[in-house]
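Q: Got a structure for you, protein08.txt, holding compact mmCIF, C-alpha atoms.
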# COMPACT_ATOMS: atom_id res chain seq x y z
CA MET A 1 32.78 -53.96 -18.93
CA TYR A 2 34.57 -57.30 -18.43
CA ASP A 3 38.34 -56.84 -18.60
CA PRO A 4 39.97 -60.18 -19.43
CA ALA A 5 43.62 -60.88 -18.75
CA VAL A 6 45.46 -60.73 -22.08
CA ARG A 7 48.98 -62.11 -22.28
CA LEU A 8 51.64 -62.85 -24.85
CA ALA A 9 51.62 -66.51 -25.96
CA GLY A 10 54.84 -68.53 -25.97
CA PRO A 11 55.70 -71.80 -27.74
CA GLY A 12 54.18 -73.66 -24.76
CA ASP A 13 50.80 -72.16 -25.67
CA ALA A 14 50.80 -73.69 -29.16
CA LEU A 15 47.97 -76.11 -28.38
CA SER A 16 45.74 -73.41 -26.84
CA VAL A 17 46.33 -71.23 -29.90
CA ALA A 18 45.68 -74.19 -32.21
CA LEU A 19 42.37 -75.03 -30.51
CA LEU A 20 41.14 -71.45 -30.90
CA LEU A 21 42.26 -71.19 -34.54
CA HIS A 22 40.72 -74.59 -35.24
CA ASP A 23 37.35 -73.47 -33.85
CA PHE A 24 37.62 -70.14 -35.68
CA ASN A 25 38.18 -71.74 -39.09
CA THR A 26 35.61 -74.46 -38.46
CA GLU A 27 32.99 -71.83 -37.55
CA PHE A 28 33.60 -70.04 -40.85
CA ASP A 29 33.77 -73.24 -42.92
CA GLU A 30 37.44 -72.71 -43.77
CA PRO A 31 39.74 -75.72 -44.14
CA VAL A 32 42.04 -76.18 -41.14
CA PRO A 33 44.42 -78.94 -39.98
CA LYS A 34 43.56 -81.05 -36.93
CA PRO A 35 44.44 -79.26 -33.64
CA ASP A 36 47.48 -81.41 -32.73
CA GLU A 37 48.97 -81.06 -36.23
CA LEU A 38 48.24 -77.32 -36.22
CA ALA A 39 49.81 -77.02 -32.74
CA ARG A 40 53.09 -78.50 -34.05
CA HIS A 41 53.12 -75.98 -36.91
CA LEU A 42 52.26 -73.05 -34.60
CA ARG A 43 54.93 -74.05 -32.06
CA GLY A 44 57.53 -73.62 -34.82
CA LEU A 45 56.13 -70.21 -35.78
CA LEU A 46 56.06 -69.08 -32.15
CA GLU A 47 59.59 -70.39 -31.51
CA ARG A 48 61.06 -68.39 -34.36
CA ALA A 49 58.81 -65.37 -33.67
CA ALA A 50 57.22 -65.54 -37.11
CA ILE A 51 53.91 -64.80 -35.38
CA THR A 52 53.00 -62.86 -32.25
CA VAL A 53 49.89 -64.09 -30.44
CA LEU A 54 48.03 -62.33 -27.64
CA LEU A 55 45.78 -64.69 -25.70
CA ALA A 56 42.72 -64.04 -23.58
CA GLU A 57 43.18 -67.62 -22.32
CA SER A 58 40.51 -69.93 -23.78
CA GLU A 59 38.26 -67.00 -24.72
CA GLY A 60 40.01 -65.44 -27.68
CA LEU A 61 43.19 -64.36 -29.41
CA VAL A 62 44.73 -61.98 -31.87
CA VAL A 63 47.53 -63.05 -34.24
CA LEU A 64 49.98 -60.33 -35.28
CA ARG A 65 52.75 -60.14 -37.87
CA PHE A 66 55.49 -57.55 -37.60
CA GLN A 67 57.67 -56.41 -40.46
CA SER A 68 60.24 -53.65 -40.96
CA SER A 69 58.58 -50.61 -42.48
CA LEU A 70 59.44 -49.88 -46.11
CA LEU A 71 60.15 -46.18 -45.60
CA SER A 72 61.36 -45.85 -42.02
CA GLU A 73 63.09 -47.64 -39.16
CA SER A 74 59.77 -48.46 -37.46
CA LEU A 75 57.67 -51.62 -37.79
CA ASP A 76 54.38 -52.31 -39.53
CA CYS A 77 51.89 -54.57 -37.73
CA TYR A 78 49.38 -56.77 -39.57
CA LEU A 79 46.47 -58.01 -37.47
CA GLU A 80 46.08 -61.31 -39.28
CA GLU A 81 43.37 -62.95 -37.17
CA THR A 82 41.13 -61.88 -34.30
CA TYR A 83 38.81 -64.42 -32.69
CA VAL A 84 36.55 -64.60 -29.66
CA VAL A 85 34.69 -67.84 -28.88
CA PRO A 86 30.95 -67.56 -29.65
CA SER A 87 29.75 -67.91 -26.05
CA ARG A 88 31.94 -65.00 -24.88
CA ARG A 89 31.18 -62.40 -27.56
CA ARG A 90 29.87 -58.91 -26.76
CA CYS A 91 31.71 -58.92 -23.40
CA GLY A 92 34.59 -56.64 -24.40
CA ILE A 93 37.12 -59.39 -25.09
CA GLY A 94 37.71 -58.26 -28.68
CA THR A 95 38.26 -54.70 -27.52
CA ALA A 96 40.69 -55.88 -24.82
CA LEU A 97 42.58 -57.98 -27.39
CA ILE A 98 42.93 -55.19 -29.98
CA LYS A 99 43.87 -52.65 -27.32
CA ALA A 100 46.53 -55.04 -26.04
CA ALA A 101 47.70 -55.62 -29.62
CA LEU A 102 48.10 -51.88 -30.24
CA ARG A 103 49.89 -51.43 -26.91
CA HIS A 104 52.24 -54.32 -27.74
CA ALA A 105 52.82 -52.93 -31.26
CA ARG A 106 53.62 -49.48 -29.85
CA ASP A 107 56.02 -50.98 -27.30
CA ARG A 108 57.87 -52.78 -30.10
CA GLY A 109 58.21 -49.62 -32.15
CA ALA A 110 55.43 -50.09 -34.69
CA GLY A 111 54.11 -46.94 -36.35
CA TYR A 112 51.36 -48.45 -38.50
CA ALA A 113 48.82 -51.27 -38.24
CA TYR A 114 46.43 -52.80 -40.78
CA VAL A 115 43.72 -55.44 -40.91
CA GLY A 116 41.25 -56.82 -43.45
CA THR A 117 37.62 -57.44 -42.62
CA GLY A 118 34.35 -58.19 -44.39
CA GLU A 119 31.61 -55.59 -44.86
CA GLU A 120 29.08 -57.96 -43.26
CA ASP A 121 31.20 -58.42 -40.12
CA VAL A 122 29.64 -55.46 -38.34
CA GLY A 123 31.00 -56.55 -34.93
CA ALA A 124 34.61 -56.50 -36.10
CA ARG A 125 34.17 -53.28 -38.08
CA THR A 126 32.60 -51.49 -35.11
CA LEU A 127 35.45 -52.74 -32.94
CA TYR A 128 38.20 -51.57 -35.34
CA GLU A 129 36.51 -48.24 -36.06
CA GLY A 130 36.02 -47.65 -32.32
CA LEU A 131 39.76 -48.13 -31.86
CA GLY A 132 40.79 -45.66 -34.55
CA PHE A 133 41.10 -47.86 -37.64
CA SER A 134 39.66 -46.51 -40.89
CA HIS A 135 38.89 -48.13 -44.23
CA ARG A 136 38.68 -44.72 -45.88
CA ARG A 137 41.62 -42.83 -47.31
CA GLY A 138 42.62 -39.59 -45.67
CA HIS A 139 39.36 -38.58 -44.01
CA ALA A 140 36.00 -39.90 -42.85
CA ILE A 141 34.31 -39.49 -46.24
CA GLY A 142 37.38 -40.37 -48.35
CA PRO A 143 37.34 -43.26 -50.81
CA VAL A 144 37.14 -46.77 -49.37
CA ASN A 145 40.16 -49.12 -49.35
CA TYR A 146 39.50 -52.68 -50.47
CA PHE A 147 41.33 -55.85 -49.44
CA TYR A 148 41.99 -58.01 -52.51
CA GLU A 149 43.17 -61.62 -52.31
CA ARG A 150 43.68 -64.73 -54.41
CA GLU A 151 45.19 -68.17 -54.21
CA VAL A 152 48.60 -68.39 -55.88
CA MET B 1 51.30 -55.32 -75.73
CA TYR B 2 54.70 -54.08 -74.49
CA ASP B 3 56.46 -56.79 -72.49
CA PRO B 4 59.06 -55.16 -70.23
CA ALA B 5 61.94 -57.11 -68.72
CA VAL B 6 61.12 -57.68 -65.06
CA ARG B 7 63.89 -58.85 -62.74
CA LEU B 8 64.50 -59.45 -59.06
CA ALA B 9 66.24 -56.50 -57.39
CA GLY B 10 69.34 -57.03 -55.23
CA PRO B 11 70.98 -54.77 -52.64
CA GLY B 12 72.87 -53.05 -55.48
CA ASP B 13 69.51 -51.83 -56.85
CA ALA B 14 68.65 -49.95 -53.65
CA LEU B 15 69.00 -46.50 -55.25
CA SER B 16 66.83 -47.44 -58.27
CA VAL B 17 64.17 -48.77 -55.90
CA ALA B 18 64.46 -45.67 -53.70
CA LEU B 19 64.02 -43.31 -56.65
CA LEU B 20 60.84 -45.10 -57.76
CA LEU B 21 59.40 -45.23 -54.22
CA HIS B 22 60.32 -41.58 -53.72
CA ASP B 23 58.44 -40.56 -56.88
CA PHE B 24 55.51 -42.81 -55.93
CA ASN B 25 55.04 -41.27 -52.49
CA THR B 26 55.64 -37.74 -53.77
CA GLU B 27 52.98 -38.22 -56.47
CA PHE B 28 50.45 -39.25 -53.81
CA ASP B 29 51.49 -36.53 -51.32
CA GLU B 30 52.78 -39.09 -48.81
CA PRO B 31 55.81 -38.23 -46.66
CA VAL B 32 58.98 -39.99 -47.83
CA PRO B 33 62.69 -39.70 -46.94
CA LYS B 34 65.16 -38.24 -49.46
CA PRO B 35 66.24 -40.81 -52.10
CA ASP B 36 69.80 -41.34 -50.79
CA GLU B 37 68.59 -41.81 -47.19
CA LEU B 38 65.81 -44.13 -48.37
CA ALA B 39 68.33 -46.08 -50.49
CA ARG B 40 70.44 -46.80 -47.37
CA HIS B 41 67.36 -48.09 -45.54
CA LEU B 42 66.22 -50.20 -48.52
CA ARG B 43 69.70 -51.68 -48.99
CA GLY B 44 69.43 -53.07 -45.46
CA LEU B 45 65.98 -54.51 -46.12
CA LEU B 46 67.15 -56.07 -49.40
CA GLU B 47 70.32 -57.48 -47.80
CA ARG B 48 68.38 -59.30 -45.10
CA ALA B 49 65.55 -60.25 -47.50
CA ALA B 50 62.93 -58.39 -45.45
CA ILE B 51 61.50 -57.21 -48.78
CA THR B 52 61.39 -58.72 -52.25
CA VAL B 53 61.37 -56.23 -55.12
CA LEU B 54 60.67 -56.94 -58.76
CA LEU B 55 61.91 -54.18 -61.05
CA ALA B 56 60.88 -53.17 -64.54
CA GLU B 57 64.09 -51.06 -64.56
CA SER B 58 63.27 -47.35 -64.27
CA GLU B 59 59.64 -47.88 -65.32
CA GLY B 60 58.09 -49.52 -62.27
CA LEU B 61 58.28 -51.98 -59.42
CA VAL B 62 56.35 -54.22 -57.08
CA VAL B 63 57.38 -54.69 -53.44
CA LEU B 64 56.48 -58.05 -51.88
CA ARG B 65 56.57 -59.40 -48.33
CA PHE B 66 56.62 -63.12 -47.66
CA GLN B 67 55.61 -64.74 -44.40
CA SER B 68 55.04 -68.31 -43.23
CA SER B 69 51.36 -69.20 -43.52
CA LEU B 70 49.50 -69.49 -40.22
CA LEU B 71 47.80 -72.80 -41.05
CA SER B 72 50.18 -74.59 -43.43
CA GLU B 73 53.80 -74.97 -44.51
CA SER B 74 53.32 -72.61 -47.47
CA LEU B 75 53.98 -68.87 -47.64
CA ASP B 76 51.64 -65.89 -47.79
CA CYS B 77 52.62 -63.02 -50.09
CA TYR B 78 51.62 -59.42 -49.41
CA LEU B 79 51.88 -57.08 -52.41
CA GLU B 80 52.81 -53.99 -50.44
CA GLU B 81 53.41 -51.50 -53.24
CA THR B 82 52.99 -51.48 -57.00
CA TYR B 83 54.12 -48.47 -59.00
CA VAL B 84 54.55 -47.53 -62.64
CA VAL B 85 55.98 -44.12 -63.57
CA PRO B 86 53.27 -41.78 -64.95
CA SER B 87 54.70 -41.52 -68.50
CA ARG B 88 54.70 -45.31 -68.92
CA ARG B 89 51.22 -46.19 -67.66
CA ARG B 90 48.69 -48.13 -69.75
CA CYS B 91 51.49 -50.00 -71.57
CA GLY B 92 51.16 -53.30 -69.71
CA ILE B 93 53.97 -52.73 -67.24
CA GLY B 94 51.70 -53.18 -64.20
CA THR B 95 50.37 -56.43 -65.64
CA ALA B 96 53.90 -57.66 -66.33
CA LEU B 97 54.96 -56.76 -62.77
CA ILE B 98 52.03 -58.49 -61.05
CA LYS B 99 52.33 -61.55 -63.30
CA ALA B 100 56.04 -61.74 -62.44
CA ALA B 101 55.19 -61.30 -58.75
CA LEU B 102 52.70 -64.19 -58.83
CA ARG B 103 55.19 -66.38 -60.73
CA HIS B 104 57.91 -65.56 -58.19
CA ALA B 105 55.51 -66.19 -55.28
CA ARG B 106 54.50 -69.57 -56.75
CA ASP B 107 58.17 -70.51 -57.29
CA ARG B 108 58.88 -69.76 -53.62
CA GLY B 109 55.99 -71.89 -52.42
CA ALA B 110 53.38 -69.24 -51.70
CA GLY B 111 49.75 -70.37 -51.70
CA TYR B 112 48.04 -67.06 -51.03
CA ALA B 113 48.51 -63.41 -51.99
CA TYR B 114 46.80 -60.22 -50.84
CA VAL B 115 46.88 -56.50 -51.58
CA GLY B 116 45.03 -53.37 -50.49
CA THR B 117 43.79 -50.77 -52.97
CA GLY B 118 41.48 -47.76 -53.05
CA GLU B 119 38.03 -47.84 -54.65
CA GLU B 120 38.94 -44.82 -56.79
CA ASP B 121 42.09 -46.49 -58.18
CA VAL B 122 40.28 -48.07 -61.09
CA GLY B 123 43.53 -48.85 -62.94
CA ALA B 124 44.92 -50.94 -60.10
CA ARG B 125 41.58 -52.64 -59.39
CA THR B 126 41.13 -53.59 -63.04
CA LEU B 127 44.67 -54.94 -63.06
CA TYR B 128 44.22 -57.05 -59.90
CA GLU B 129 40.77 -58.29 -60.91
CA GLY B 130 42.08 -59.20 -64.36
CA LEU B 131 44.75 -61.33 -62.69
CA GLY B 132 42.36 -63.24 -60.44
CA PHE B 133 42.29 -61.15 -57.26
CA SER B 134 38.91 -60.55 -55.63
CA HIS B 135 37.76 -58.15 -52.93
CA ARG B 136 34.59 -60.19 -52.43
CA ARG B 137 34.29 -63.15 -50.10
CA GLY B 138 33.64 -66.55 -51.62
CA HIS B 139 32.05 -65.58 -54.91
CA ALA B 140 31.60 -62.71 -57.36
CA ILE B 141 28.60 -61.23 -55.54
CA GLY B 142 29.80 -62.08 -52.00
CA PRO B 143 30.32 -59.37 -49.37
CA VAL B 144 33.19 -56.96 -49.91
CA ASN B 145 36.41 -57.13 -47.86
CA TYR B 146 37.71 -53.83 -46.51
CA PHE B 147 41.29 -52.85 -45.73
CA TYR B 148 41.43 -51.00 -42.39
CA GLU B 149 44.49 -49.13 -41.16
CA ARG B 150 45.67 -46.68 -38.51
CA GLU B 151 48.82 -45.13 -37.14
CA VAL B 152 49.99 -46.79 -33.94
Would you mind writing the file's structure down as structure tokens?
A:
Amino acid sequence: MYDPAVRLAGPGDALSVALLLHDFNTEFDEPVPKPDELARHLRGLLERAAITVLLAESEGLVVLRFQSSLLSESLDCYLEETYVVPSRRRCGIGTALIKAALRHARDRGAGYAYVGTGEEDVGARTLYEGLGFSHRRGHAIGPVNYFYEREV
Amino acid sequence: MYDPAVRLAGPGDALSVALLLHDFNTEFDEPVPKPDELARHLRGLLERAAITVLLAESEGLVVLRFQSSLLSESLDCYLEETYVVPSRRRCGIGTALIKAALRHARDRGAGYAYVGTGEEDVGARTLYEGLGFSHRRGHAIGPVNYFYEREV
């Protein structure tokens, strides 16, 4: 399986990250700022470490958020976005990205990771389930956990 | 319907918050530090505003996390925990807490809120759905969104 180089993005990668997130949101018909405007915003987030981005160069990315755990001294890690460009799907890039994300999270002292995904997104679900994520409480046939959201 | 006073917790409320979170985790058989140890940890989180807690005194709480939105200048709000003590359930305290949380989030400039909940937790799901949250994409019969998690 193809093993892409995955590296941590810095503020200087803001435009690369913006282009990928722009394509991602455009593909799924979600509103998104123009790439140069988005790049300015993302540069600020990267500079103050409000986001952590792992990049498989122009092929894909994962955006992480770290926060202090509520009950312990460790960190929680939210996998906010995972994207692979359409022409490079089914090559193992998603797997490489999520594996790198979990490795990075472990290195930073995270003890828990979570992610929301749609029931119809079989590719993402297979990926997460193959890497040990579960949407069922406690055991393989436990009740399902739902991801609820709303605008505020 | 009972309308409890809901207020923003400060570092001086760490023990009250710890006692509620201790009872919450104990009720659901989740591991949790002793209340005094947890209170010390929570005081630190409250002091550096890593968490936002809205308290209905000794009856319940909601724990929020705010983060800069990935695509805009607004904030995202994660409702990490919502708890009402067993003897005071079905009195409207959960509704008052989530309404206060949404009001607080709006006042701080949040544009989006999310929360995970189990399919069997009909009380919580009814509460969130009644306040405009959806676990379906796009429309009422859209595909369901799942909340995946794992230890790291």
Q: Rank A:Val122, A:Glu151, A:Leu38, A:Arg108 by their smallest atom-to-atom distance to Glu73 in chain A, using all atoms listed in the file, and report the top residue only.
A: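 The shortest atom-to-atom distance to Glu73 in chain A comes from A:Arg108.
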Q: Within 12 Å of Leu19 in chain B, counting all atoms listed in the file, which residues show up once you throw out same-chain ones fewer than 3 positions away? Write them as a PDB file with C-alpha atoms, keeping the file's coordinate frame, please.
A:
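Final output, saved to result_13.pdb:
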ATOM      1  CA  ASP B  13      69.510 -51.830 -56.850  1.00  0.00           C
ATOM      2  CA  ALA B  14      68.650 -49.950 -53.650  1.00  0.00           C
ATOM      3  CA  LEU B  15      69.000 -46.500 -55.250  1.00  0.00           C
ATOM      4  CA  SER B  16      66.830 -47.440 -58.270  1.00  0.00           C
ATOM      5  CA  HIS B  22      60.320 -41.580 -53.720  1.00  0.00           C
ATOM      6  CA  ASP B  23      58.440 -40.560 -56.880  1.00  0.00           C
ATOM      7  CA  PHE B  24      55.510 -42.810 -55.930  1.00  0.00           C
ATOM      8  CA  ASN B  25      55.040 -41.270 -52.490  1.00  0.00           C
ATOM      9  CA  THR B  26      55.640 -37.740 -53.770  1.00  0.00           C
ATOM     10  CA  VAL B  32      58.980 -39.990 -47.830  1.00  0.00           C
ATOM     11  CA  PRO B  33      62.690 -39.700 -46.940  1.00  0.00           C
ATOM     12  CA  LYS B  34      65.160 -38.240 -49.460  1.00  0.00           C
ATOM     13  CA  PRO B  35      66.240 -40.810 -52.100  1.00  0.00           C
ATOM     14  CA  ASP B  36      69.800 -41.340 -50.790  1.00  0.00           C
ATOM     15  CA  GLU B  37      68.590 -41.810 -47.190  1.00  0.00           C
ATOM     16  CA  LEU B  38      65.810 -44.130 -48.370  1.00  0.00           C
ATOM     17  CA  ALA B  39      68.330 -46.080 -50.490  1.00  0.00           C
ATOM     18  CA  ARG B  40      70.440 -46.800 -47.370  1.00  0.00           C
ATOM     19  CA  LEU B  42      66.220 -50.200 -48.520  1.00  0.00           C
ATOM     20  CA  LEU B  55      61.910 -54.180 -61.050  1.00  0.00           C
ATOM     21  CA  GLU B  57      64.090 -51.060 -64.560  1.00  0.00           C
ATOM     22  CA  SER B  58      63.270 -47.350 -64.270  1.00  0.00           C
ATOM     23  CA  GLU B  59      59.640 -47.880 -65.320  1.00  0.00           C
ATOM     24  CA  GLY B  60      58.090 -49.520 -62.270  1.00  0.00           C
ATOM     25  CA  LEU B  61      58.280 -51.980 -59.420  1.00  0.00           C
ATOM     26  CA  TYR B  83      54.120 -48.470 -59.000  1.00  0.00           C
ATOM     27  CA  VAL B  84      54.550 -47.530 -62.640  1.00  0.00           C
ATOM     28  CA  VAL B  85      55.980 -44.120 -63.570  1.00  0.00           C
TER      29      VAL B  85
END
Q: Least-squares align chain A to chain B using all Cα atoms paired by position, then dump the moved coordinates as a short mmCIF file (atom, residue, chain, number, x, y, z; two decimals) with C-alpha atoms, in the coordinates of the input.
A:
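File part36.cif, as written:
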data_model
loop_
_atom_site.label_atom_id
_atom_site.label_comp_id
_atom_site.auth_asym_id
_atom_site.auth_seq_id
_atom_site.Cartn_x
_atom_site.Cartn_y
_atom_site.Cartn_z
CA MET A 1 51.30 -55.31 -75.74
CA TYR A 2 54.70 -54.08 -74.50
CA ASP A 3 56.45 -56.78 -72.48
CA PRO A 4 59.06 -55.16 -70.22
CA ALA A 5 61.93 -57.11 -68.72
CA VAL A 6 61.12 -57.68 -65.04
CA ARG A 7 63.88 -58.85 -62.73
CA LEU A 8 64.51 -59.45 -59.06
CA ALA A 9 66.24 -56.48 -57.37
CA GLY A 10 69.34 -57.03 -55.24
CA PRO A 11 70.97 -54.77 -52.63
CA GLY A 12 72.86 -53.06 -55.49
CA ASP A 13 69.51 -51.83 -56.83
CA ALA A 14 68.65 -49.95 -53.63
CA LEU A 15 69.00 -46.52 -55.24
CA SER A 16 66.83 -47.44 -58.26
CA VAL A 17 64.17 -48.78 -55.90
CA ALA A 18 64.47 -45.68 -53.70
CA LEU A 19 64.02 -43.31 -56.66
CA LEU A 20 60.85 -45.10 -57.75
CA LEU A 21 59.40 -45.23 -54.22
CA HIS A 22 60.32 -41.58 -53.73
CA ASP A 23 58.44 -40.57 -56.88
CA PHE A 24 55.51 -42.82 -55.94
CA ASN A 25 55.05 -41.26 -52.50
CA THR A 26 55.66 -37.75 -53.79
CA GLU A 27 52.98 -38.23 -56.48
CA PHE A 28 50.46 -39.24 -53.82
CA ASP A 29 51.50 -36.53 -51.34
CA GLU A 30 52.79 -39.08 -48.83
CA PRO A 31 55.81 -38.23 -46.67
CA VAL A 32 58.98 -39.99 -47.83
CA PRO A 33 62.69 -39.70 -46.95
CA LYS A 34 65.15 -38.23 -49.46
CA PRO A 35 66.24 -40.82 -52.09
CA ASP A 36 69.80 -41.35 -50.79
CA GLU A 37 68.58 -41.81 -47.19
CA LEU A 38 65.80 -44.13 -48.39
CA ALA A 39 68.32 -46.09 -50.49
CA ARG A 40 70.43 -46.80 -47.37
CA HIS A 41 67.34 -48.08 -45.54
CA LEU A 42 66.21 -50.20 -48.52
CA ARG A 43 69.69 -51.69 -49.00
CA GLY A 44 69.44 -53.08 -45.45
CA LEU A 45 65.98 -54.51 -46.12
CA LEU A 46 67.13 -56.08 -49.39
CA GLU A 47 70.29 -57.49 -47.79
CA ARG A 48 68.36 -59.30 -45.09
CA ALA A 49 65.53 -60.26 -47.49
CA ALA A 50 62.93 -58.39 -45.46
CA ILE A 51 61.49 -57.20 -48.78
CA THR A 52 61.39 -58.73 -52.25
CA VAL A 53 61.37 -56.22 -55.11
CA LEU A 54 60.67 -56.94 -58.77
CA LEU A 55 61.91 -54.17 -61.04
CA ALA A 56 60.88 -53.16 -64.54
CA GLU A 57 64.08 -51.07 -64.57
CA SER A 58 63.27 -47.34 -64.27
CA GLU A 59 59.64 -47.89 -65.31
CA GLY A 60 58.08 -49.53 -62.28
CA LEU A 61 58.29 -51.98 -59.42
CA VAL A 62 56.35 -54.21 -57.09
CA VAL A 63 57.37 -54.69 -53.44
CA LEU A 64 56.48 -58.04 -51.88
CA ARG A 65 56.57 -59.39 -48.33
CA PHE A 66 56.62 -63.11 -47.67
CA GLN A 67 55.62 -64.74 -44.41
CA SER A 68 55.06 -68.31 -43.24
CA SER A 69 51.39 -69.19 -43.51
CA LEU A 70 49.50 -69.51 -40.23
CA LEU A 71 47.82 -72.81 -41.06
CA SER A 72 50.18 -74.59 -43.45
CA GLU A 73 53.80 -74.97 -44.51
CA SER A 74 53.34 -72.61 -47.48
CA LEU A 75 53.98 -68.86 -47.64
CA ASP A 76 51.64 -65.89 -47.78
CA CYS A 77 52.62 -63.01 -50.09
CA TYR A 78 51.63 -59.39 -49.42
CA LEU A 79 51.87 -57.07 -52.42
CA GLU A 80 52.80 -53.99 -50.42
CA GLU A 81 53.41 -51.49 -53.24
CA THR A 82 52.98 -51.48 -57.00
CA TYR A 83 54.12 -48.46 -59.01
CA VAL A 84 54.55 -47.53 -62.65
CA VAL A 85 55.97 -44.11 -63.58
CA PRO A 86 53.27 -41.78 -64.97
CA SER A 87 54.71 -41.52 -68.49
CA ARG A 88 54.71 -45.32 -68.92
CA ARG A 89 51.22 -46.20 -67.67
CA ARG A 90 48.68 -48.13 -69.76
CA CYS A 91 51.50 -50.00 -71.56
CA GLY A 92 51.15 -53.31 -69.71
CA ILE A 93 53.97 -52.73 -67.23
CA GLY A 94 51.70 -53.18 -64.20
CA THR A 95 50.36 -56.42 -65.63
CA ALA A 96 53.90 -57.66 -66.33
CA LEU A 97 54.95 -56.76 -62.77
CA ILE A 98 52.02 -58.50 -61.05
CA LYS A 99 52.33 -61.55 -63.29
CA ALA A 100 56.03 -61.74 -62.43
CA ALA A 101 55.18 -61.29 -58.75
CA LEU A 102 52.70 -64.19 -58.83
CA ARG A 103 55.18 -66.37 -60.72
CA HIS A 104 57.91 -65.54 -58.19
CA ALA A 105 55.50 -66.19 -55.28
CA ARG A 106 54.51 -69.56 -56.76
CA ASP A 107 58.16 -70.52 -57.28
CA ARG A 108 58.87 -69.76 -53.62
CA GLY A 109 55.98 -71.89 -52.43
CA ALA A 110 53.37 -69.23 -51.69
CA GLY A 111 49.75 -70.38 -51.69
CA TYR A 112 48.03 -67.05 -51.04
CA ALA A 113 48.52 -63.40 -51.99
CA TYR A 114 46.80 -60.20 -50.83
CA VAL A 115 46.88 -56.50 -51.58
CA GLY A 116 45.02 -53.36 -50.49
CA THR A 117 43.80 -50.77 -52.94
CA GLY A 118 41.49 -47.76 -53.04
CA GLU A 119 38.04 -47.85 -54.65
CA GLU A 120 38.96 -44.82 -56.79
CA ASP A 121 42.10 -46.49 -58.17
CA VAL A 122 40.27 -48.08 -61.08
CA GLY A 123 43.53 -48.86 -62.95
CA ALA A 124 44.92 -50.94 -60.10
CA ARG A 125 41.59 -52.63 -59.39
CA THR A 126 41.12 -53.59 -63.04
CA LEU A 127 44.67 -54.94 -63.06
CA TYR A 128 44.22 -57.04 -59.89
CA GLU A 129 40.77 -58.29 -60.90
CA GLY A 130 42.09 -59.21 -64.36
CA LEU A 131 44.75 -61.33 -62.67
CA GLY A 132 42.35 -63.24 -60.45
CA PHE A 133 42.30 -61.15 -57.27
CA SER A 134 38.92 -60.55 -55.64
CA HIS A 135 37.75 -58.14 -52.94
CA ARG A 136 34.60 -60.19 -52.42
CA ARG A 137 34.31 -63.16 -50.11
CA GLY A 138 33.68 -66.55 -51.62
CA HIS A 139 32.07 -65.58 -54.92
CA ALA A 140 31.62 -62.71 -57.36
CA ILE A 141 28.62 -61.22 -55.54
CA GLY A 142 29.80 -62.07 -52.00
CA PRO A 143 30.32 -59.37 -49.38
CA VAL A 144 33.20 -56.95 -49.92
CA ASN A 145 36.41 -57.13 -47.85
CA TYR A 146 37.71 -53.83 -46.51
CA PHE A 147 41.30 -52.86 -45.72
CA TYR A 148 41.43 -51.02 -42.38
CA GLU A 149 44.50 -49.14 -41.15
CA ARG A 150 45.66 -46.70 -38.49
CA GLU A 151 48.80 -45.15 -37.13
CA VAL A 152 49.99 -46.80 -33.91
#
Q: What separation in Å, quoted to one decimal, exists between CA of Thr126 in chain A and CA of Gly142 in chain A?
A: 17.9 Å
Q: Could you work out how far CA of Arg137 in chain A lies from CA of Gly116 in chain B, giving the answer in Å with one decimal?
A: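 If I compute the distance from CA of Gly116 in chain B to CA of Arg137 in chain A, I get 11.5 Å.
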Q: Work out how far apart CA of Leu8 in chain A and CA of Leu70 in chain B are and give it in Å to one decimal.
A: 16.9 Å
Q: When distances are computed from all atoms listed in the file, which of B:Pro143, B:Gly132, B:Gly123, B:Gly10 shows the smallest separation from Arg90 in chain B?
A: B:Gly123
Q: Using all atoms listed in the file, which residue out of A:Arg7, A:Ala105, A:Tyr2, A:Arg89 lies closest to Cys77 in chain A?
A: A:Ala105
Q: Show me the residues close to (39.9, -53.4, -45.9) - anything with an atom within 7 Å, counting only C-alpha atoms - and format the list as a PyMOL selection string.
A: (chain A and resi 115-117+135+145-147) or (chain B and resi 116+145-148)
Q: Hey, which of B:Leu75, B:Ala9, B:Leu127, B:Val144 ends up closest to chain A? Count only C-alpha atoms.
A: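 Among B:Leu75, B:Ala9, B:Leu127, B:Val144, it is B:Val144 that comes nearest to chain A.
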Q: Between A:Leu64, A:Ala100, A:Ala124, A:Ala50, which has the minimum distance to chain B (counting all atoms listed in the file)?
A: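 Residue with the minimum atom-to-atom distance to chain B: A:Ala50.
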Q: Of the residues A:Pro11, A:Pro86, A:His104, A:Glu30, which is the one nearest to Arg65 in chain A, using only C-alpha atoms?
A: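 Nearest to Arg65 in chain A: A:His104.
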